[in-house]
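Below is protein.tsv, which holds TSV, C-alpha atoms.
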chain	number	residue	atom	x	y	z
A	1	ILE	CA	118.68	114.70	107.87
A	2	TYR	CA	121.76	115.33	105.81
A	3	VAL	CA	122.97	112.21	104.00
A	4	SER	CA	126.75	112.25	103.78
A	5	ARG	CA	128.70	110.52	101.02
A	6	ALA	CA	131.98	111.00	102.90
A	7	LYS	CA	132.76	107.28	102.63
A	8	ALA	CA	131.91	107.12	98.93
A	9	VAL	CA	134.57	107.16	96.23
A	10	ARG	CA	132.64	109.51	93.95
A	11	ARG	CA	130.13	112.37	94.05
A	12	ARG	CA	131.14	113.55	97.50
A	13	VAL	CA	130.33	117.08	98.60
A	14	ALA	CA	133.60	118.99	98.34
A	15	ASN	CA	132.56	121.52	101.00
A	16	GLU	CA	130.75	119.03	103.22
A	17	ALA	CA	132.19	120.32	106.52
A	18	GLU	CA	130.75	123.77	105.86
A	19	LEU	CA	127.39	122.37	104.72
A	20	ALA	CA	127.06	119.90	107.61
A	21	THR	CA	127.89	122.62	110.14
A	22	ALA	CA	125.31	125.01	108.67
A	23	LEU	CA	122.65	122.30	108.59
A	24	GLY	CA	123.58	121.11	112.10
A	25	GLU	CA	122.91	124.62	113.38
A	26	ARG	CA	119.39	124.21	112.00
A	27	GLY	CA	118.79	120.89	113.73
A	28	PHE	CA	119.85	118.49	110.98
A	29	ALA	CA	121.56	115.23	111.88
A	30	THR	CA	124.26	113.97	109.53
A	31	VAL	CA	123.89	110.31	108.64
A	32	VAL	CA	126.35	108.02	106.90
A	33	LEU	CA	124.22	105.25	105.45
A	34	GLU	CA	127.13	102.79	105.24
A	35	GLU	CA	127.19	102.84	109.04
A	36	LEU	CA	123.50	101.97	109.43
A	37	SER	CA	121.67	98.69	109.05
A	38	TRP	CA	118.92	98.52	106.47
A	39	ALA	CA	116.29	98.71	109.24
A	40	GLN	CA	118.00	101.80	110.66
A	41	GLN	CA	118.07	103.44	107.22
A	42	ILE	CA	114.35	102.81	106.81
A	43	ALA	CA	113.64	104.31	110.24
A	44	VAL	CA	115.78	107.39	109.57
A	45	PHE	CA	114.07	108.14	106.26
A	46	ARG	CA	110.62	107.37	107.66
A	47	ALA	CA	111.17	109.89	110.49
A	48	ALA	CA	112.73	112.63	108.35
A	49	ARG	CA	110.77	115.80	107.60
A	50	VAL	CA	113.53	117.08	105.30
A	51	VAL	CA	116.23	115.10	103.47
A	52	VAL	CA	119.29	116.87	102.06
A	53	ALA	CA	121.64	114.68	100.04
A	54	PRO	CA	123.97	114.62	97.09
A	55	HIS	CA	122.85	112.41	94.22
A	56	GLY	CA	123.62	108.78	95.05
A	57	ALA	CA	122.16	105.36	95.68
A	58	GLY	CA	121.27	106.20	99.28
A	59	LEU	CA	118.41	108.29	97.92
A	60	ALA	CA	116.65	105.06	96.96
A	61	ASN	CA	115.56	105.18	100.61
A	62	LEU	CA	113.17	107.98	99.62
A	63	VAL	CA	110.61	105.23	99.12
A	64	PHE	CA	110.37	105.07	102.92
A	65	CYS	CA	109.65	108.80	103.40
A	66	ARG	CA	106.22	110.02	104.36
A	67	PRO	CA	104.32	111.96	101.66
A	68	GLU	CA	105.27	115.66	101.46
A	69	THR	CA	108.71	115.09	102.98
A	70	ARG	CA	110.97	117.78	101.50
A	71	VAL	CA	113.90	116.43	99.50
A	72	VAL	CA	116.81	118.68	98.52
A	73	GLU	CA	119.04	116.80	96.09
A	74	LEU	CA	122.49	118.21	95.34
A	75	LEU	CA	123.56	117.75	91.74
A	76	GLY	CA	126.62	118.58	89.69
A	77	ARG	CA	126.05	120.55	86.47
A	78	GLU	CA	127.47	117.89	84.19
A	79	TYR	CA	125.66	114.94	85.75
A	80	CYS	CA	122.03	115.84	86.41
A	81	ASN	CA	120.41	112.44	86.67
A	82	PRO	CA	116.58	112.63	87.08
A	83	THR	CA	116.14	109.24	88.79
A	84	PHE	CA	115.35	110.55	92.27
A	85	TRP	CA	113.21	113.41	90.96
A	86	ARG	CA	111.02	110.72	89.38
A	87	LEU	CA	111.00	108.63	92.54
A	88	ALA	CA	110.15	111.65	94.71
A	89	THR	CA	107.33	112.64	92.39
A	90	LEU	CA	105.82	109.15	92.45
A	91	ALA	CA	106.06	109.09	96.26
A	92	GLY	CA	104.38	112.49	96.67
A	93	LEU	CA	107.49	114.18	98.09
A	94	ASP	CA	108.37	117.89	97.94
A	95	TYR	CA	111.40	117.60	95.64
A	96	ARG	CA	113.83	120.50	95.19
A	97	PRO	CA	116.93	119.93	93.05
A	98	LEU	CA	119.94	122.19	93.59
A	99	VAL	CA	122.52	122.21	90.83
A	100	SER	CA	126.05	123.49	91.41
A	101	SER	CA	126.60	126.91	89.89
A	102	GLY	CA	128.83	127.39	86.91
A	103	GLU	CA	128.91	128.20	83.25
A	104	LYS	CA	128.75	124.69	81.82
A	105	ALA	CA	125.44	123.55	80.39
A	106	LEU	CA	123.33	121.12	82.38
A	107	ALA	CA	123.89	117.58	81.16
A	108	GLU	CA	123.54	113.92	82.09
A	109	ASN	CA	127.05	113.02	81.03
A	110	THR	CA	127.79	109.63	82.59
A	111	ALA	CA	131.53	110.29	82.18
A	112	CYS	CA	131.07	113.02	84.82
A	113	ASN	CA	129.20	110.93	87.40
A	114	ARG	CA	132.34	110.61	89.53
A	115	LEU	CA	132.88	114.34	89.98
A	116	ASP	CA	132.48	115.84	93.45
A	117	ILE	CA	129.73	118.38	94.02
A	118	ILE	CA	130.13	121.84	95.50
A	119	ALA	CA	127.05	122.67	97.55
A	120	GLU	CA	125.76	126.23	97.47
A	121	VAL	CA	125.28	126.41	101.25
A	122	GLN	CA	123.01	129.46	101.28
A	123	ALA	CA	120.86	127.95	98.53
A	124	VAL	CA	120.56	124.71	100.53
A	125	LEU	CA	119.55	126.63	103.65
A	126	ALA	CA	116.94	128.55	101.65
A	127	ALA	CA	115.55	125.31	100.19
A	128	VAL	CA	115.13	123.54	103.50

Take the structure in the file and write it out as structure tokens.
Amino acid sequence: IYVSRAKAVRRRVANEAELATALGERGFATVVLEELSWAQQIAVFRAARVVVAPHGAGLANLVFCRPETRVVELLGREYCNPTFWRLATLAGLDYRPLVSSGEKALAENTACNRLDIIAEVQAVLAAV
């Protein structure tokens, strides 16, 4: 699945149309968690073999994934928050962080947690 943050007010994927199209061609379904009930969210994550998502609260649903589910988390360079890496590790998931390219140093600057993320589409496809 690809978890969209299109309805969020921060940390959206700036090139989401391109990413969703590329993932769709590989059999990924795009889900907007705000449109699903909690039971539906649990079912979607439980059934997923691979989860691609930008950093956000929806990734708390990783607790419902089966062990060894691959997780590709999209992160901005200036706000690399390790919360879901820790959760994925504890749940026995195959976690693969992808950080936006750029020259700025990696940081967990909370002032930057509203910035949109640019997904490196080819890197995402290689990680899945």

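Distances to Arg46 of chain A were evaluated for A:Glu25, A:Glu16, A:Glu68, A:Asp116 using all atoms listed in the file, and the minimum falls at A:Glu68.
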
Cut-off 10 Å around (118.4, 117.1, 111.7) with only C-alpha atoms: residues as JSON, numbers by chain: {"A": [1, 2, 20, 23, 24, 25, 26, 27, 28, 29, 30, 31, 48, 49, 50, 51, 52]}

Skipping near chain neighbours, those fewer than 5 positions away, what residues fall within 12 Å of Thr89 of chain A using only C-alpha atoms, listed as a PyMOL selection string? chain A and resi 62-63+65+67-71+82-84+94-96

Would you list the contacts of Gly56 of chain A as a ChimeraX atom specification, taking every protein, DNA or RNA residue within 10 Å and counting all atoms listed in the file, but skipping same-chain residues closer than 2 positions in sequence? /A:3-5,8,10-12,53-54,58-60,73-75,81,83-84,113

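Between Gly102 of chain A and the candidates A:His55, A:Arg86, A:Arg66, A:Arg77, the tightest atom-to-atom separation, counting all atoms listed in the file, involves A:Arg77.
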
Report, in Å to a single decimal, how far apart atom CA of Ala14 of chain A and atom CA of Leu106 of chain A are. 19.1 Å
